[in-house]
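Data first, discussion second: the structure below is written as C-alpha cells.
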Amino acid sequence: MRFGVLTGGGDCPGLNPAIRAVVLRAAKRGHATVGFLDGWKGVRDGLVRPLAPADVLGLIDRGGTVLGSSRTNPFAKEGDAEKVLATLAKERIEALVAIGGDDTLSAARELHRRGRPVVGVPKTMDNDVGGTDWTFGFHSATAVAVDALERLRDTAQSHHRAIVLEVMGRHAGWVALGTGLAAGADVTLLPEVPYDEPALMRKVRAAVAARGYALVVASEGIDLGARRGSAGGKDEFGHELLREREVGAELARRIQEQTGTETRSAQIGHIQRGGAPELFDRILATRLGATAVDLALAGRFGQVAVLRGGATVGVPFDEALASPKTVSPEWVDLLTTFEP
Ligand code: F6P
C-alpha cells in the first residue's frame with residue numbers, strides 16, 4: 001500500500017513524532033510513504049516529498065512539522081477539490097493519513113465521502129477535538145504557559161502588581177484551565193464561563209489583600225462584551241483570529257482602573273506552539289500515528305485514531321467531529337475551588 005501523510009492547521013508539538021510513527025509503522029509492515037507539504041495546500045498543488053525511515057528517525061523530539069502546515073481548505077474554492085483528487089491519483093495514494101484538528105479532519109471526512117481512502121489523526125494545542133480524551137500538543141503548549149505564569153509570579157510579587165496572562169485556545173478553555181490549575185492562578189477566565197466583571201474584581205482585590213499580588217489567566221476566546229478589543233481577520237475555515245482582540249491587555253486596563261492595583265499583561269501567543277514535545281505528547285502522537293496506519297491496513301477508512309480511556313481506537317469521522325470538546329462544569333468547579 002502506498003501511504004500519504006499531511007499535517008494541517010495550526011502546528012503544535014507532537015506533529016513530528018506522529019509523522020515519524022506513520023512512516024515507521026508503515027515501513028515495518030512493508031509499505032512506503034510520501035509526505036504532502038503544507039497541509040491540504042500540498043495535496044491540492046501536488047507538493048510531495050518521499051519519506052523514507054531515515055528521513056524521520058530523528059523526529060521524536062522535534063517541535064513543529066517537517067512537512068509544513070497551512071490553514072488551506074481544499075473545498076473552499078471552486079476547482080480545488082478536483083485538483084486534490086487529481087494529485088491523489090497521480091501519486092497513486094492508497095491510504096491518506098490526515099493529521100489535524102477539526103478543520104483538517106472535516107476536509108478529510110469530505111474527501112472520504114467522495115470515495116477516497118482517508119484516515120485521521122487528531123492534534124491541536126486547543127484540546128478541543130470531541131472524539132478523543134486528549135489531543136497531542138495540548139500538554140506541551142500548556143507546560144509553556146505554566147512556565148510563563150510562574151515567571152510572571154516572580155515579577156508580580158516583586159512589584160505588588162496584578163498580571164494578566166492571555167493564552168490561546170480559541171473557543172475552548174483547556175489551555176487556560178490547565179495553566180490556571182497547574183500554576184495556581186487567582187482567577188482563570190474561560191470562554192465556557194460568561195464573563196463576570198464584578199467577580200473578577202472581587203477576586204483580584206482578595207488576592208492582593210491576601211498576598212500582595214494577583215495572577216489572572218485569560219483565554220483568548222472570552223467575550224468581554226461591547227468594549228472588547230477590535231476583531232482580527234478570518235482564516236479559510238471562517239475562524240476569527242482571536243489574538244488580535246488582545247483581551248489580556250483590555251482586562252489589565254479594567255483591573256487597574258477598578259481595583260487601583262497596578263496591572264500589566266502578557267500575551268504568550270505562538271510561543272506556546274513551539275519547542276520540543278513533552279513526554280505525554282511524544283507517546284500519544286506515536287501511538288495515534290501507528291494506530292492510523294493499522295486502521296488503513298485493516299481497510300477501516302473513514303476513521304480517526306483517538307484515545308479513549310487509555311486505549312487507542314478508531315472511530316468514524318462523524319463521531320470524532322460530532323461536537324467540539326469544551327471545558328465541563330466539573331472542571332470549572334475544580335478550578336474555582338482554588339480561587340479566592
Ligand atoms: O488552533 C490552534 C491555535 O493556536 C489557536 O489556539 C489560535 O487561536 C490559533 O491557532 C492561531 O492561529 P494562527 O496560527 O493562524 O494565528
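In the C-alpha cells, chains take letters A, B, ... by order of appearance, with residues numbered from 1 within each chain and ligands from 1 in the order shown.
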**OP:** Check every protein, DNA and RNA residue against ligand 1, keep those with an atom at most 7 Å away (counting only C-alpha atoms and all ligand atoms), and present them as JSON, numbers by chain.
**Re:** {"A": [9, 10, 124, 125, 126, 168, 169, 170, 241, 242, 243, 270, 273]}
Residues at most 9 Å from Val119 (chain A), counting only C-alpha atoms, excluding those fewer than 3 positions away in the same chain, as a PDB file with C-alpha atoms, in the first residue's frame?
```pdb
ATOM      1  CA  ALA A  95      -4.119   5.468   2.120  1.00  0.00           C
ATOM      2  CA  LEU A  96      -4.006   9.133   3.151  1.00  0.00           C
ATOM      3  CA  VAL A  97      -3.298   9.964   6.805  1.00  0.00           C
ATOM      4  CA  ALA A  98      -4.550  13.479   7.615  1.00  0.00           C
ATOM      5  CA  ILE A  99      -3.136  14.821  10.880  1.00  0.00           C
ATOM      6  CA  LEU A 105     -10.298  16.430   9.760  1.00  0.00           C
ATOM      7  CA  ALA A 108     -10.557  14.616   5.342  1.00  0.00           C
ATOM      8  CA  ARG A 109     -14.122  13.484   6.026  1.00  0.00           C
ATOM      9  CA  HIS A 112     -13.683  10.164   2.309  1.00  0.00           C
ATOM     10  CA  ALA A 292      -3.860   5.302  11.952  1.00  0.00           C
ATOM     11  CA  VAL A 293      -1.627   3.071   9.819  1.00  0.00           C
ATOM     12  CA  LEU A 295      -6.673   1.313  10.632  1.00  0.00           C
ATOM     13  CA  ALA A 296      -5.725   1.833   6.986  1.00  0.00           C
ATOM     14  CA  ARG A 300     -11.008   0.896   8.116  1.00  0.00           C
ATOM     15  CA  PHE A 301     -11.017   4.112   6.071  1.00  0.00           C
ATOM     16  CA  GLY A 302     -13.219   6.978   7.195  1.00  0.00           C
ATOM     17  CA  GLN A 303     -11.978   6.541  10.756  1.00  0.00           C
ATOM     18  CA  VAL A 304      -9.940   8.656  13.137  1.00  0.00           C
ATOM     19  CA  ALA A 305      -7.378   7.200  15.567  1.00  0.00           C
ATOM     20  CA  PHE A 317     -15.127  10.855  11.318  1.00  0.00           C
TER      21      PHE A 317
END
```
Subject >> Near-region 192-198 of chain A list (9 Å; only C-alpha atoms; drop same-chain fewer than 4 positions) as a list in words >> reply: His171, Ala172, Gly173, Arg202, Lys203, Gly221, Ile222, Asp223, Leu224, Gly225, Thr326, Val327, Ser328, Pro329 and Val332 of chain A
Take the residues from that selection and put them in a file with N, CA and C atoms, as a compact mmCIF listing (two decimals), in the first residue's frame.
```txt
# COMPACT_ATOMS: atom_id res chain seq x y z
N HIS A 171 -12.09 28.75 21.12
CA HIS A 171 -13.34 28.79 21.89
C HIS A 171 -13.42 27.71 22.95
N ALA A 172 -12.29 27.06 23.21
CA ALA A 172 -12.23 26.08 24.30
C ALA A 172 -11.18 26.54 25.29
N GLY A 173 -11.49 26.42 26.57
CA GLY A 173 -10.60 27.00 27.58
C GLY A 173 -9.60 26.04 28.19
N ARG A 202 -13.51 41.41 42.47
CA ARG A 202 -13.54 40.96 43.87
C ARG A 202 -12.38 39.98 44.13
N LYS A 203 -12.17 39.05 43.21
CA LYS A 203 -11.11 38.05 43.40
C LYS A 203 -9.71 38.70 43.34
N GLY A 221 -10.38 33.45 23.91
CA GLY A 221 -11.74 33.37 23.38
C GLY A 221 -12.82 33.95 24.28
N ILE A 222 -12.45 34.54 25.42
CA ILE A 222 -13.50 35.08 26.30
C ILE A 222 -14.16 36.29 25.65
N ASP A 223 -15.40 36.49 26.01
CA ASP A 223 -16.17 37.59 25.43
C ASP A 223 -16.31 38.69 26.48
N LEU A 224 -15.61 39.81 26.25
CA LEU A 224 -15.65 40.91 27.22
C LEU A 224 -16.77 41.88 26.93
N GLY A 225 -17.63 41.54 25.97
CA GLY A 225 -18.74 42.43 25.66
C GLY A 225 -18.34 43.55 24.74
N THR A 326 -15.44 21.08 24.92
CA THR A 326 -15.20 22.28 25.73
C THR A 326 -15.06 21.88 27.20
N VAL A 327 -14.66 22.84 28.02
CA VAL A 327 -14.42 22.57 29.44
C VAL A 327 -15.76 22.33 30.14
N SER A 328 -15.87 21.22 30.86
CA SER A 328 -17.13 20.85 31.50
C SER A 328 -17.30 21.57 32.84
N PRO A 329 -18.55 21.65 33.35
CA PRO A 329 -18.79 22.28 34.65
C PRO A 329 -18.00 21.65 35.79
N VAL A 332 -14.71 23.31 35.84
CA VAL A 332 -14.85 24.69 36.32
C VAL A 332 -14.99 24.68 37.84
```
Subject >> Close residues, Asp281 (chain A) itself excluded, 7 Å, only C-alpha atoms, min 6 positions apart in chain, as a ChimeraX atom specification >> reply: /A:14,136-137,139-140
Original post:
Which is closer to Ala209 (chain A) than all the others in A:Ala162, A:Ala89, A:Leu284, A:Val43, using only C-alpha atoms?
Top reply: A:Ala162
**OP:** Determine which residues of region 198-307 of chain A receive a DSSP assignment of alpha helix (DSSP H), computed from the backbone, and state them as a PyMOL selection string.
**Re:** chain A and resi 198-211+247-259+279-297
Would you export the selected residues with N, CA and C atoms as a compact mmCIF listing (two decimals), in the first residue's frame, please?
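Done, and the output landed in out_32.txt:
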```
# COMPACT_ATOMS: atom_id res chain seq x y z
N PRO A 198 -17.68 42.00 38.02
CA PRO A 198 -17.62 42.22 39.48
C PRO A 198 -16.90 41.08 40.20
N ALA A 199 -17.15 39.84 39.78
CA ALA A 199 -16.50 38.70 40.44
C ALA A 199 -14.99 38.75 40.21
N LEU A 200 -14.57 39.11 38.99
CA LEU A 200 -13.14 39.21 38.69
C LEU A 200 -12.48 40.23 39.62
N MET A 201 -13.11 41.40 39.71
CA MET A 201 -12.51 42.48 40.53
C MET A 201 -12.46 42.07 42.01
N ARG A 202 -13.51 41.41 42.47
CA ARG A 202 -13.54 40.96 43.87
C ARG A 202 -12.38 39.98 44.13
N LYS A 203 -12.17 39.05 43.21
CA LYS A 203 -11.11 38.05 43.40
C LYS A 203 -9.71 38.70 43.34
N VAL A 204 -9.55 39.65 42.43
CA VAL A 204 -8.25 40.32 42.33
C VAL A 204 -7.97 41.08 43.63
N ARG A 205 -8.98 41.80 44.12
CA ARG A 205 -8.80 42.54 45.39
C ARG A 205 -8.45 41.58 46.52
N ALA A 206 -9.16 40.45 46.58
CA ALA A 206 -8.92 39.47 47.65
C ALA A 206 -7.51 38.90 47.57
N ALA A 207 -7.06 38.61 46.35
CA ALA A 207 -5.71 38.05 46.18
C ALA A 207 -4.65 39.07 46.60
N VAL A 208 -4.85 40.32 46.19
CA VAL A 208 -3.88 41.37 46.54
C VAL A 208 -3.87 41.57 48.05
N ALA A 209 -5.05 41.52 48.66
CA ALA A 209 -5.12 41.69 50.12
C ALA A 209 -4.42 40.53 50.82
N ALA A 210 -4.56 39.32 50.29
CA ALA A 210 -4.01 38.14 50.96
C ALA A 210 -2.50 38.00 50.77
N ARG A 211 -1.99 38.28 49.56
CA ARG A 211 -0.56 38.02 49.34
C ARG A 211 0.17 39.11 48.57
N VAL A 247 -7.50 40.50 24.52
CA VAL A 247 -8.36 40.57 25.70
C VAL A 247 -7.54 40.73 26.98
N GLY A 248 -6.30 40.21 26.99
CA GLY A 248 -5.46 40.34 28.17
C GLY A 248 -5.14 41.80 28.47
N ALA A 249 -4.78 42.53 27.44
CA ALA A 249 -4.45 43.96 27.61
C ALA A 249 -5.69 44.73 28.06
N GLU A 250 -6.84 44.39 27.48
CA GLU A 250 -8.07 45.08 27.87
C GLU A 250 -8.43 44.78 29.33
N LEU A 251 -8.25 43.54 29.73
CA LEU A 251 -8.53 43.17 31.12
C LEU A 251 -7.61 43.92 32.07
N ALA A 252 -6.34 44.02 31.70
CA ALA A 252 -5.38 44.72 32.57
C ALA A 252 -5.81 46.17 32.78
N ARG A 253 -6.26 46.80 31.70
CA ARG A 253 -6.74 48.20 31.82
C ARG A 253 -7.90 48.27 32.81
N ARG A 254 -8.84 47.35 32.67
CA ARG A 254 -10.03 47.37 33.54
C ARG A 254 -9.67 47.09 34.99
N ILE A 255 -8.76 46.14 35.20
CA ILE A 255 -8.39 45.78 36.59
C ILE A 255 -7.71 46.96 37.27
N GLN A 256 -6.78 47.58 36.57
CA GLN A 256 -6.08 48.73 37.17
C GLN A 256 -7.05 49.85 37.49
N GLU A 257 -7.95 50.10 36.54
CA GLU A 257 -8.93 51.20 36.72
C GLU A 257 -9.86 50.93 37.91
N GLN A 258 -10.30 49.69 38.03
CA GLN A 258 -11.34 49.42 39.03
C GLN A 258 -10.80 49.00 40.40
N THR A 259 -9.59 48.43 40.44
CA THR A 259 -9.08 47.99 41.76
C THR A 259 -8.00 48.92 42.29
N LEU A 279 6.77 14.63 27.16
CA LEU A 279 6.68 13.15 27.20
C LEU A 279 5.30 12.65 26.77
N PHE A 280 4.23 13.20 27.37
CA PHE A 280 2.88 12.70 27.08
C PHE A 280 2.56 12.85 25.59
N ASP A 281 2.92 13.99 25.03
CA ASP A 281 2.61 14.25 23.62
C ASP A 281 3.43 13.36 22.68
N ARG A 282 4.68 13.11 23.05
CA ARG A 282 5.51 12.22 22.20
C ARG A 282 4.87 10.83 22.13
N ILE A 283 4.43 10.36 23.28
CA ILE A 283 3.90 8.99 23.31
C ILE A 283 2.52 8.94 22.66
N LEU A 284 1.67 9.94 22.94
CA LEU A 284 0.33 9.93 22.34
C LEU A 284 0.43 10.05 20.82
N ALA A 285 1.27 10.97 20.34
CA ALA A 285 1.42 11.15 18.89
C ALA A 285 1.93 9.87 18.24
N THR A 286 2.85 9.21 18.91
CA THR A 286 3.42 7.96 18.39
C THR A 286 2.34 6.88 18.32
N ARG A 287 1.56 6.77 19.38
CA ARG A 287 0.51 5.74 19.40
C ARG A 287 -0.54 6.02 18.32
N LEU A 288 -0.96 7.27 18.21
CA LEU A 288 -2.03 7.59 17.25
C LEU A 288 -1.55 7.45 15.80
N GLY A 289 -0.31 7.85 15.54
CA GLY A 289 0.24 7.69 14.18
C GLY A 289 0.26 6.22 13.79
N ALA A 290 0.73 5.37 14.70
CA ALA A 290 0.79 3.93 14.42
C ALA A 290 -0.61 3.35 14.27
N THR A 291 -1.53 3.80 15.12
CA THR A 291 -2.90 3.28 15.04
C THR A 291 -3.56 3.67 13.72
N ALA A 292 -3.28 4.87 13.23
CA ALA A 292 -3.86 5.30 11.95
C ALA A 292 -3.41 4.38 10.82
N VAL A 293 -2.13 4.01 10.84
CA VAL A 293 -1.63 3.07 9.82
C VAL A 293 -2.34 1.73 9.95
N ASP A 294 -2.49 1.27 11.18
CA ASP A 294 -3.17 -0.02 11.40
C ASP A 294 -4.62 0.04 10.88
N LEU A 295 -5.29 1.17 11.12
CA LEU A 295 -6.67 1.31 10.63
C LEU A 295 -6.70 1.18 9.11
N ALA A 296 -5.76 1.87 8.45
CA ALA A 296 -5.73 1.83 6.99
C ALA A 296 -5.44 0.42 6.50
N LEU A 297 -4.49 -0.24 7.14
CA LEU A 297 -4.13 -1.60 6.69
C LEU A 297 -5.28 -2.58 6.92
```
**OP:** May I have the residues within 12 Å of Arg151 (chain A) as a list in words, using only C-alpha atoms and disregarding those fewer than 6 positions away in the same chain?
**Re:** Val144, Ala145, Gln157, Ser158, Ile163, Leu165, Ala183, Leu215 and Ala266 of chain A
Residues from the last selection, N, CA, C and O atoms, saved as a PDB file, in the first residue's frame:
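selection-v4.pdb written:
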```pdb
ATOM      1  N   VAL A 144       4.279  25.274  28.561  1.00  0.00           N
ATOM      2  CA  VAL A 144       4.952  26.544  28.254  1.00  0.00           C
ATOM      3  C   VAL A 144       4.216  27.699  28.947  1.00  0.00           C
ATOM      4  O   VAL A 144       4.840  28.609  29.521  1.00  0.00           O
ATOM      5  N   ALA A 145       2.893  27.647  28.928  1.00  0.00           N
ATOM      6  CA  ALA A 145       2.107  28.715  29.574  1.00  0.00           C
ATOM      7  C   ALA A 145       2.270  28.665  31.096  1.00  0.00           C
ATOM      8  O   ALA A 145       2.310  29.718  31.756  1.00  0.00           O
ATOM      9  N   GLN A 157       5.011  39.565  42.223  1.00  0.00           N
ATOM     10  CA  GLN A 157       5.294  39.588  43.657  1.00  0.00           C
ATOM     11  C   GLN A 157       6.241  40.744  44.001  1.00  0.00           C
ATOM     12  O   GLN A 157       6.013  41.492  44.949  1.00  0.00           O
ATOM     13  N   SER A 158       7.287  40.902  43.189  1.00  0.00           N
ATOM     14  CA  SER A 158       8.271  41.946  43.461  1.00  0.00           C
ATOM     15  C   SER A 158       7.663  43.336  43.412  1.00  0.00           C
ATOM     16  O   SER A 158       8.032  44.220  44.188  1.00  0.00           O
ATOM     17  N   ILE A 163      -1.065  40.749  37.314  1.00  0.00           N
ATOM     18  CA  ILE A 163      -0.619  40.485  35.940  1.00  0.00           C
ATOM     19  C   ILE A 163      -1.600  39.522  35.288  1.00  0.00           C
ATOM     20  O   ILE A 163      -2.027  38.529  35.889  1.00  0.00           O
ATOM     21  N   LEU A 165      -2.163  36.996  32.139  1.00  0.00           N
ATOM     22  CA  LEU A 165      -1.534  36.236  31.057  1.00  0.00           C
ATOM     23  C   LEU A 165      -2.629  35.769  30.107  1.00  0.00           C
ATOM     24  O   LEU A 165      -3.544  35.034  30.510  1.00  0.00           O
ATOM     25  N   ALA A 183      -0.456  26.282  37.682  1.00  0.00           N
ATOM     26  CA  ALA A 183       0.441  27.339  38.169  1.00  0.00           C
ATOM     27  C   ALA A 183      -0.186  28.118  39.319  1.00  0.00           C
ATOM     28  O   ALA A 183       0.411  29.061  39.833  1.00  0.00           O
ATOM     29  N   LEU A 215      -2.604  37.003  40.108  1.00  0.00           N
ATOM     30  CA  LEU A 215      -2.322  36.423  38.796  1.00  0.00           C
ATOM     31  C   LEU A 215      -3.631  36.002  38.135  1.00  0.00           C
ATOM     32  O   LEU A 215      -4.418  35.253  38.719  1.00  0.00           O
ATOM     33  N   ALA A 266       0.476  40.124  29.577  1.00  0.00           N
ATOM     34  CA  ALA A 266       1.385  39.481  28.624  1.00  0.00           C
ATOM     35  C   ALA A 266       0.569  38.534  27.762  1.00  0.00           C
ATOM     36  O   ALA A 266      -0.327  37.858  28.247  1.00  0.00           O
TER      37      ALA A 266
END
```
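Minimum atom-to-atom distance to Gly130 (chain A), evaluated using only C-alpha atoms, belongs to A:Pro324 out of A:Gly42, A:Pro324, A:Pro340, A:Gly64.
Checking A:Glu166, A:Glu78, A:Glu240, A:Glu220 one by one against Gln267 (chain A), counting only C-alpha atoms, you find the shortest gap at A:Glu166.
Separating CA of Ala320 (chain A) from CA of Phe138 (chain A) is a distance of 17.3 Å.
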Subject >> Using only C-alpha atoms: which of A:Val66, A:Ile93, A:Leu190, A:Ala311 has the shortest distance to Ala32 (chain A) >> reply: A:Ile93
Subject >> DSSP strand (DSSP E) residues within region 39-253 of chain A, listed as a count of residues only >> reply: 30
**OP:** Would you mind listing what lies within 6 Å of Leu59 (chain A) as number ranges by chain, with only C-alpha atoms counted and same-chain residues fewer than 3 positions away left out?
**Re:** A: 16-17, 56, 62
